[in-house]
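**Q** Below is the file run.cif, with mmCIF, C-alpha atoms, pLDDT in the B column; chains and numbers go by the auth columns.
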```
data_protein
loop_
_atom_site.group_PDB
_atom_site.id
_atom_site.type_symbol
_atom_site.label_atom_id
_atom_site.label_comp_id
_atom_site.label_asym_id
_atom_site.label_seq_id
_atom_site.Cartn_x
_atom_site.Cartn_y
_atom_site.Cartn_z
_atom_site.B_iso_or_equiv
_atom_site.auth_seq_id
_atom_site.auth_asym_id
ATOM 1 C CA TYR A 1 -25.083 98.791 -25.922 92.00 1 U
ATOM 2 C CA SER A 2 -24.731 95.637 -27.969 93.00 2 U
ATOM 3 C CA GLU A 3 -24.729 97.612 -31.235 94.00 3 U
ATOM 4 C CA ALA A 4 -22.007 99.896 -29.886 94.00 4 U
ATOM 5 C CA ARG A 5 -19.905 96.898 -28.855 94.00 5 U
ATOM 6 C CA GLU A 6 -20.357 95.272 -32.266 95.00 6 U
ATOM 7 C CA ASP A 7 -19.368 98.490 -34.033 95.00 7 U
ATOM 8 C CA ALA A 8 -16.298 98.913 -31.833 94.00 8 U
ATOM 9 C CA ALA A 9 -15.274 95.292 -32.419 94.00 9 U
ATOM 10 C CA SER A 10 -15.611 95.695 -36.176 95.00 10 U
ATOM 11 C CA GLY A 11 -13.569 98.919 -36.203 94.00 11 U
ATOM 12 C CA ASN A 12 -16.471 101.294 -36.805 95.00 12 U
ATOM 13 C CA TYR A 13 -15.327 103.563 -33.984 96.00 13 U
ATOM 14 C CA GLU A 14 -17.249 106.696 -34.983 95.00 14 U
ATOM 15 C CA ARG A 15 -20.589 104.914 -34.827 96.00 15 U
ATOM 16 C CA ALA A 16 -19.659 103.106 -31.599 96.00 16 U
ATOM 17 C CA ILE A 17 -18.680 106.418 -29.999 96.00 17 U
ATOM 18 C CA ARG A 18 -22.043 107.951 -30.938 96.00 18 U
ATOM 19 C CA PHE A 19 -23.911 104.991 -29.427 96.00 19 U
ATOM 20 C CA TYR A 20 -21.853 105.013 -26.214 96.00 20 U
ATOM 21 C CA GLU A 21 -22.342 108.775 -25.791 95.00 21 U
ATOM 22 C CA ARG A 22 -26.113 108.432 -26.231 95.00 22 U
ATOM 23 C CA LEU A 23 -26.259 105.482 -23.878 93.00 23 U
ATOM 24 C CA GLU A 24 -24.266 107.309 -21.228 91.00 24 U
ATOM 25 C CA GLY A 25 -26.696 110.228 -21.375 90.00 25 U
ATOM 26 C CA ARG A 26 -29.861 108.171 -21.399 92.00 26 U
ATOM 27 C CA ALA A 27 -28.845 105.793 -18.622 91.00 27 U
ATOM 28 C CA ALA A 28 -27.169 108.415 -16.409 87.00 28 U
ATOM 29 C CA GLY A 29 -26.462 107.230 -12.893 85.00 29 U
ATOM 30 C CA THR A 30 -26.787 103.533 -13.652 92.00 30 U
ATOM 31 C CA ILE A 31 -24.261 100.726 -13.881 93.00 31 U
ATOM 32 C CA LEU A 32 -24.911 100.667 -17.628 93.00 32 U
ATOM 33 C CA ALA A 33 -23.877 104.328 -17.888 93.00 33 U
ATOM 34 C CA GLN A 34 -20.678 103.549 -15.989 94.00 34 U
ATOM 35 C CA GLN A 35 -19.895 100.681 -18.346 95.00 35 U
ATOM 36 C CA ALA A 36 -20.720 102.837 -21.374 95.00 36 U
ATOM 37 C CA MET A 37 -18.290 105.504 -20.152 96.00 37 U
ATOM 38 C CA LEU A 38 -15.495 102.955 -19.766 96.00 38 U
ATOM 39 C CA GLU A 39 -16.251 101.515 -23.195 96.00 39 U
ATOM 40 C CA LEU A 40 -16.323 105.038 -24.622 96.00 40 U
ATOM 41 C CA ALA A 41 -12.869 105.793 -23.213 97.00 41 U
ATOM 42 C CA HIS A 42 -11.551 102.509 -24.612 96.00 42 U
ATOM 43 C CA THR A 43 -13.089 103.213 -28.020 97.00 43 U
ATOM 44 C CA TYR A 44 -11.545 106.693 -28.107 96.00 44 U
ATOM 45 C CA TYR A 45 -8.205 105.073 -27.246 95.00 45 U
ATOM 46 C CA ARG A 46 -8.562 102.464 -29.992 94.00 46 U
ATOM 47 C CA SER A 47 -9.513 105.132 -32.541 94.00 47 U
ATOM 48 C CA GLY A 48 -6.391 107.153 -31.732 92.00 48 U
ATOM 49 C CA GLU A 49 -8.169 109.995 -29.936 94.00 49 U
ATOM 50 C CA ARG A 50 -5.882 109.997 -26.901 92.00 50 U
ATOM 51 C CA ALA A 51 -7.016 113.359 -25.466 93.00 51 U
ATOM 52 C CA GLN A 52 -10.689 112.377 -25.601 96.00 52 U
ATOM 53 C CA ALA A 53 -9.904 108.995 -24.066 96.00 53 U
ATOM 54 C CA LEU A 54 -8.010 110.606 -21.181 95.00 54 U
ATOM 55 C CA ALA A 55 -10.741 113.185 -20.587 96.00 55 U
ATOM 56 C CA THR A 56 -13.385 110.450 -20.501 96.00 56 U
ATOM 57 C CA ILE A 57 -11.433 108.207 -18.126 96.00 57 U
ATOM 58 C CA GLU A 58 -10.644 111.135 -15.819 95.00 58 U
ATOM 59 C CA ARG A 59 -14.336 112.090 -15.760 95.00 59 U
ATOM 60 C CA TYR A 60 -15.216 108.481 -14.960 95.00 60 U
ATOM 61 C CA MET A 61 -12.755 108.378 -12.076 95.00 61 U
ATOM 62 C CA LYS A 62 -14.172 111.606 -10.618 95.00 62 U
ATOM 63 C CA LEU A 63 -17.805 110.531 -10.982 93.00 63 U
ATOM 64 C CA TYR A 64 -17.339 106.968 -9.733 93.00 64 U
ATOM 65 C CA PRO A 65 -14.352 106.887 -7.319 91.00 65 U
ATOM 66 C CA THR A 66 -15.598 103.751 -5.558 91.00 66 U
ATOM 67 C CA SER A 67 -16.622 101.823 -8.654 92.00 67 U
ATOM 68 C CA ALA A 68 -15.988 98.105 -8.831 92.00 68 U
ATOM 69 C CA ALA A 69 -14.179 98.798 -12.118 95.00 69 U
ATOM 70 C CA SER A 70 -11.694 101.283 -10.651 95.00 70 U
ATOM 71 C CA ASP A 71 -8.855 98.871 -11.320 96.00 71 U
ATOM 72 C CA TYR A 72 -9.747 98.765 -15.008 96.00 72 U
ATOM 73 C CA ALA A 73 -10.043 102.567 -15.114 96.00 73 U
ATOM 74 C CA LEU A 74 -6.508 102.905 -13.726 96.00 74 U
ATOM 75 C CA TYR A 75 -5.257 100.271 -16.156 96.00 75 U
ATOM 76 C CA LEU A 76 -6.899 102.008 -19.105 96.00 76 U
ATOM 77 C CA ARG A 77 -5.478 105.387 -18.048 95.00 77 U
ATOM 78 C CA GLY A 78 -2.044 103.762 -17.922 95.00 78 U
ATOM 79 C CA LEU A 79 -2.497 102.207 -21.363 94.00 79 U
ATOM 80 C CA ILE A 80 -3.616 105.482 -22.897 93.00 80 U
ATOM 81 C CA ASN A 81 -0.477 107.192 -21.607 90.00 81 U
ATOM 82 C CA PHE A 82 1.852 104.305 -22.370 87.00 82 U
ATOM 83 C CA ASN A 83 4.118 105.345 -25.304 66.00 83 U
ATOM 84 C CA ASP A 84 5.474 102.080 -26.533 53.00 84 U
ATOM 85 C CA ASN A 85 4.250 102.721 -30.074 50.00 85 U
ATOM 86 C CA LEU A 86 6.246 105.223 -32.124 46.00 86 U
ATOM 87 C CA GLY A 87 3.928 104.883 -35.079 49.00 87 U
ATOM 88 C CA LEU A 88 4.801 104.632 -38.742 47.00 88 U
ATOM 89 C CA PHE A 89 6.649 107.959 -38.933 47.00 89 U
ATOM 90 C CA GLY A 90 8.698 107.208 -35.822 47.00 90 U
ATOM 91 C CA ARG A 91 9.754 103.847 -37.194 47.00 91 U
ATOM 92 C CA PHE A 92 10.937 105.270 -40.505 51.00 92 U
ATOM 93 C CA SER A 93 12.637 108.312 -38.991 49.00 93 U
ATOM 94 C CA GLY A 94 14.591 106.182 -36.549 54.00 94 U
ATOM 95 C CA GLN A 95 13.103 108.010 -33.568 50.00 95 U
ATOM 96 C CA SER A 96 13.781 106.425 -30.205 54.00 96 U
ATOM 97 C CA LEU A 97 11.384 106.343 -27.267 51.00 97 U
ATOM 98 C CA SER A 98 14.034 108.212 -25.275 53.00 98 U
ATOM 99 C CA ASP A 99 13.696 111.171 -27.693 51.00 99 U
ATOM 100 C CA ARG A 100 10.034 111.683 -26.860 54.00 100 U
ATOM 101 C CA ASP A 101 8.395 113.743 -24.128 60.00 101 U
ATOM 102 C CA GLN A 102 8.414 111.571 -21.042 75.00 102 U
ATOM 103 C CA GLN A 103 5.428 113.155 -19.254 78.00 103 U
ATOM 104 C CA ALA A 104 2.992 110.597 -20.675 77.00 104 U
ATOM 105 C CA SER A 105 5.339 107.786 -19.647 82.00 105 U
ATOM 106 C CA LYS A 106 5.487 109.159 -16.102 89.00 106 U
ATOM 107 C CA GLU A 107 1.707 109.369 -15.958 90.00 107 U
ATOM 108 C CA ALA A 108 1.394 105.816 -17.272 89.00 108 U
ATOM 109 C CA TYR A 109 3.835 104.595 -14.645 93.00 109 U
ATOM 110 C CA GLN A 110 1.897 106.406 -11.893 94.00 110 U
ATOM 111 C CA SER A 111 -1.387 104.851 -13.051 94.00 111 U
ATOM 112 C CA PHE A 112 0.135 101.373 -13.187 95.00 112 U
ATOM 113 C CA ARG A 113 1.795 101.872 -9.770 95.00 113 U
ATOM 114 C CA GLN A 114 -1.495 103.003 -8.256 95.00 114 U
ATOM 115 C CA LEU A 115 -3.243 99.973 -9.753 95.00 115 U
ATOM 116 C CA VAL A 116 -0.660 97.534 -8.382 95.00 116 U
ATOM 117 C CA ASP A 117 -0.665 99.206 -4.943 96.00 117 U
ATOM 118 C CA LEU A 118 -4.439 99.532 -4.536 95.00 118 U
ATOM 119 C CA TYR A 119 -5.558 96.383 -6.365 95.00 119 U
ATOM 120 C CA PRO A 120 -2.756 93.796 -6.123 95.00 120 U
ATOM 121 C CA ASP A 121 -5.187 90.943 -6.865 96.00 121 U
ATOM 122 C CA SER A 122 -6.653 92.589 -9.967 95.00 122 U
ATOM 123 C CA VAL A 123 -6.458 90.688 -13.239 97.00 123 U
ATOM 124 C CA TYR A 124 -4.761 93.811 -14.669 96.00 124 U
ATOM 125 C CA ALA A 125 -2.015 93.980 -11.995 96.00 125 U
ATOM 126 C CA PRO A 126 0.426 91.506 -13.627 96.00 126 U
ATOM 127 C CA ASP A 127 0.373 93.355 -16.954 95.00 127 U
ATOM 128 C CA ALA A 128 0.657 96.718 -15.189 95.00 128 U
ATOM 129 C CA GLN A 129 3.686 95.423 -13.275 94.00 129 U
ATOM 130 C CA ALA A 130 5.268 94.143 -16.492 94.00 130 U
ATOM 131 C CA ARG A 131 4.743 97.513 -18.188 92.00 131 U
ATOM 132 C CA MET A 132 6.294 99.322 -15.217 91.00 132 U
ATOM 133 C CA ASN A 133 9.341 97.083 -15.456 90.00 133 U
#
```
As a first step, turn the structure in this file into structure tokens.
**A**
Amino acid sequence: YSEAREDAASGNYERAIRFYERLEGRAAGTILAQQAMLELAHTYYRSGERAQALATIERYMKLYPTSAASDYALYLRGLINFNDNLGLFGRFSGQSLSDRDQQASKEAYQSFRQLVDLYPDSVYAPDAQARMN
């Protein structure tokens, strides 16, 4: 786990992903496996693999619906869907956020709304509220 975290922090996402996947399999059913799955989703998100990140976070939410980290899972799902970054091509082409498919934005809003409604005292609630605004 510590090696995976170090790799993710240093930007070595491929290696971190491999470690998190192994850890999740070996520690199945434990709190460590839950944490590894959340870290895996975050690492996929950071590495630009949005579809994998969403699949992992959705799997987490189905496997652990009453987890103590459910607020973070909702927040992460919102972040993954949040389209505030047009990327390099979008910046140079003059593309506006309003020109993009809004489905991901709607899903991000729903995740943030659910977080704020279910976990108003969460440390993630203020940022979720700001992103909704």
**Q** Take the point (-12.5, 105.9, -27.9) in the file's coordinates, draw a sphere of radius 12 Å around it, and report as a PyMOL selection string every protein, DNA or RNA residue with an atom inside or on it, counting all atoms listed in the file.
**A** chain U and resi 4-5+7-9+11-21+36-57+76+80
**Q** Restrict the selected residues to C-alpha atoms and save them as a PDB file, in the frame of the given file.
**A**
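Output contents, as saved in again27.pdb:
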```pdb
ATOM      1  CA  ALA U   4     -22.007  99.896 -29.886  1.00 94.00           C
ATOM      2  CA  ARG U   5     -19.905  96.898 -28.855  1.00 94.00           C
ATOM      3  CA  ASP U   7     -19.368  98.490 -34.033  1.00 95.00           C
ATOM      4  CA  ALA U   8     -16.298  98.913 -31.833  1.00 94.00           C
ATOM      5  CA  ALA U   9     -15.274  95.292 -32.419  1.00 94.00           C
ATOM      6  CA  GLY U  11     -13.569  98.919 -36.203  1.00 94.00           C
ATOM      7  CA  ASN U  12     -16.471 101.294 -36.805  1.00 95.00           C
ATOM      8  CA  TYR U  13     -15.327 103.563 -33.984  1.00 96.00           C
ATOM      9  CA  GLU U  14     -17.249 106.696 -34.983  1.00 95.00           C
ATOM     10  CA  ARG U  15     -20.589 104.914 -34.827  1.00 96.00           C
ATOM     11  CA  ALA U  16     -19.659 103.106 -31.599  1.00 96.00           C
ATOM     12  CA  ILE U  17     -18.680 106.418 -29.999  1.00 96.00           C
ATOM     13  CA  ARG U  18     -22.043 107.951 -30.938  1.00 96.00           C
ATOM     14  CA  PHE U  19     -23.911 104.991 -29.427  1.00 96.00           C
ATOM     15  CA  TYR U  20     -21.853 105.013 -26.214  1.00 96.00           C
ATOM     16  CA  GLU U  21     -22.342 108.775 -25.791  1.00 95.00           C
ATOM     17  CA  ALA U  36     -20.720 102.837 -21.374  1.00 95.00           C
ATOM     18  CA  MET U  37     -18.290 105.504 -20.152  1.00 96.00           C
ATOM     19  CA  LEU U  38     -15.495 102.955 -19.766  1.00 96.00           C
ATOM     20  CA  GLU U  39     -16.251 101.515 -23.195  1.00 96.00           C
ATOM     21  CA  LEU U  40     -16.323 105.038 -24.622  1.00 96.00           C
ATOM     22  CA  ALA U  41     -12.869 105.793 -23.213  1.00 97.00           C
ATOM     23  CA  HIS U  42     -11.551 102.509 -24.612  1.00 96.00           C
ATOM     24  CA  THR U  43     -13.089 103.213 -28.020  1.00 97.00           C
ATOM     25  CA  TYR U  44     -11.545 106.693 -28.107  1.00 96.00           C
ATOM     26  CA  TYR U  45      -8.205 105.073 -27.246  1.00 95.00           C
ATOM     27  CA  ARG U  46      -8.562 102.464 -29.992  1.00 94.00           C
ATOM     28  CA  SER U  47      -9.513 105.132 -32.541  1.00 94.00           C
ATOM     29  CA  GLY U  48      -6.391 107.153 -31.732  1.00 92.00           C
ATOM     30  CA  GLU U  49      -8.169 109.995 -29.936  1.00 94.00           C
ATOM     31  CA  ARG U  50      -5.882 109.997 -26.901  1.00 92.00           C
ATOM     32  CA  ALA U  51      -7.016 113.359 -25.466  1.00 93.00           C
ATOM     33  CA  GLN U  52     -10.689 112.377 -25.601  1.00 96.00           C
ATOM     34  CA  ALA U  53      -9.904 108.995 -24.066  1.00 96.00           C
ATOM     35  CA  LEU U  54      -8.010 110.606 -21.181  1.00 95.00           C
ATOM     36  CA  ALA U  55     -10.741 113.185 -20.587  1.00 96.00           C
ATOM     37  CA  THR U  56     -13.385 110.450 -20.501  1.00 96.00           C
ATOM     38  CA  ILE U  57     -11.433 108.207 -18.126  1.00 96.00           C
ATOM     39  CA  LEU U  76      -6.899 102.008 -19.105  1.00 96.00           C
ATOM     40  CA  ILE U  80      -3.616 105.482 -22.897  1.00 93.00           C
TER      41      ILE U  80
END
```
**Q** Would you list the residues near (-0.9, 101.7, -8.5) (no more than 12 Å away, in the coordinates of the file, using all atoms listed in the file) as a tab-separated table (two decimals) with C-alpha atoms, keeping the file's coordinate frame?
**A**
```
chain	number	residue	atom	x	y	z
U	70	SER	CA	-11.69	101.28	-10.65
U	71	ASP	CA	-8.86	98.87	-11.32
U	72	TYR	CA	-9.75	98.76	-15.01
U	73	ALA	CA	-10.04	102.57	-15.11
U	74	LEU	CA	-6.51	102.90	-13.73
U	75	TYR	CA	-5.26	100.27	-16.16
U	77	ARG	CA	-5.48	105.39	-18.05
U	78	GLY	CA	-2.04	103.76	-17.92
U	107	GLU	CA	1.71	109.37	-15.96
U	108	ALA	CA	1.39	105.82	-17.27
U	109	TYR	CA	3.84	104.60	-14.64
U	110	GLN	CA	1.90	106.41	-11.89
U	111	SER	CA	-1.39	104.85	-13.05
U	112	PHE	CA	0.14	101.37	-13.19
U	113	ARG	CA	1.80	101.87	-9.77
U	114	GLN	CA	-1.50	103.00	-8.26
U	115	LEU	CA	-3.24	99.97	-9.75
U	116	VAL	CA	-0.66	97.53	-8.38
U	117	ASP	CA	-0.66	99.21	-4.94
U	118	LEU	CA	-4.44	99.53	-4.54
U	119	TYR	CA	-5.56	96.38	-6.36
U	120	PRO	CA	-2.76	93.80	-6.12
U	121	ASP	CA	-5.19	90.94	-6.86
U	122	SER	CA	-6.65	92.59	-9.97
U	124	TYR	CA	-4.76	93.81	-14.67
U	125	ALA	CA	-2.02	93.98	-12.00
U	126	PRO	CA	0.43	91.51	-13.63
U	127	ASP	CA	0.37	93.36	-16.95
U	128	ALA	CA	0.66	96.72	-15.19
U	129	GLN	CA	3.69	95.42	-13.28
U	131	ARG	CA	4.74	97.51	-18.19
U	132	MET	CA	6.29	99.32	-15.22
```
**Q** What does the distance between CA of Leu23 in chain U and CA of Met61 in chain U come to in Å, to one decimal place?
**A** 18.2 Å
**Q** Would you work out the distance separating CA of Glu24 in chain U from CA of Glu6 in chain U, expressed in Å to one decimal?
**A**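 According to the coordinates, CA of Glu24 in chain U and CA of Glu6 in chain U are separated by 16.8 Å.
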**Q** Please, what distance in Å, to one decimal, runs between CA of Glu58 in chain U and CA of Gln34 in chain U?
**A**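 Atom-to-atom, CA of Glu58 in chain U and CA of Gln34 in chain U are spaced 12.6 Å apart.
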**Q** For Ile31 in chain U, which residue out of U:Val123, U:Ser105, U:Tyr64, U:Leu79 is the nearest one, using only C-alpha atoms?
**A**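 Checking each of U:Val123, U:Ser105, U:Tyr64, U:Leu79 against Ile31 in chain U, counting only C-alpha atoms, the winner is U:Tyr64.
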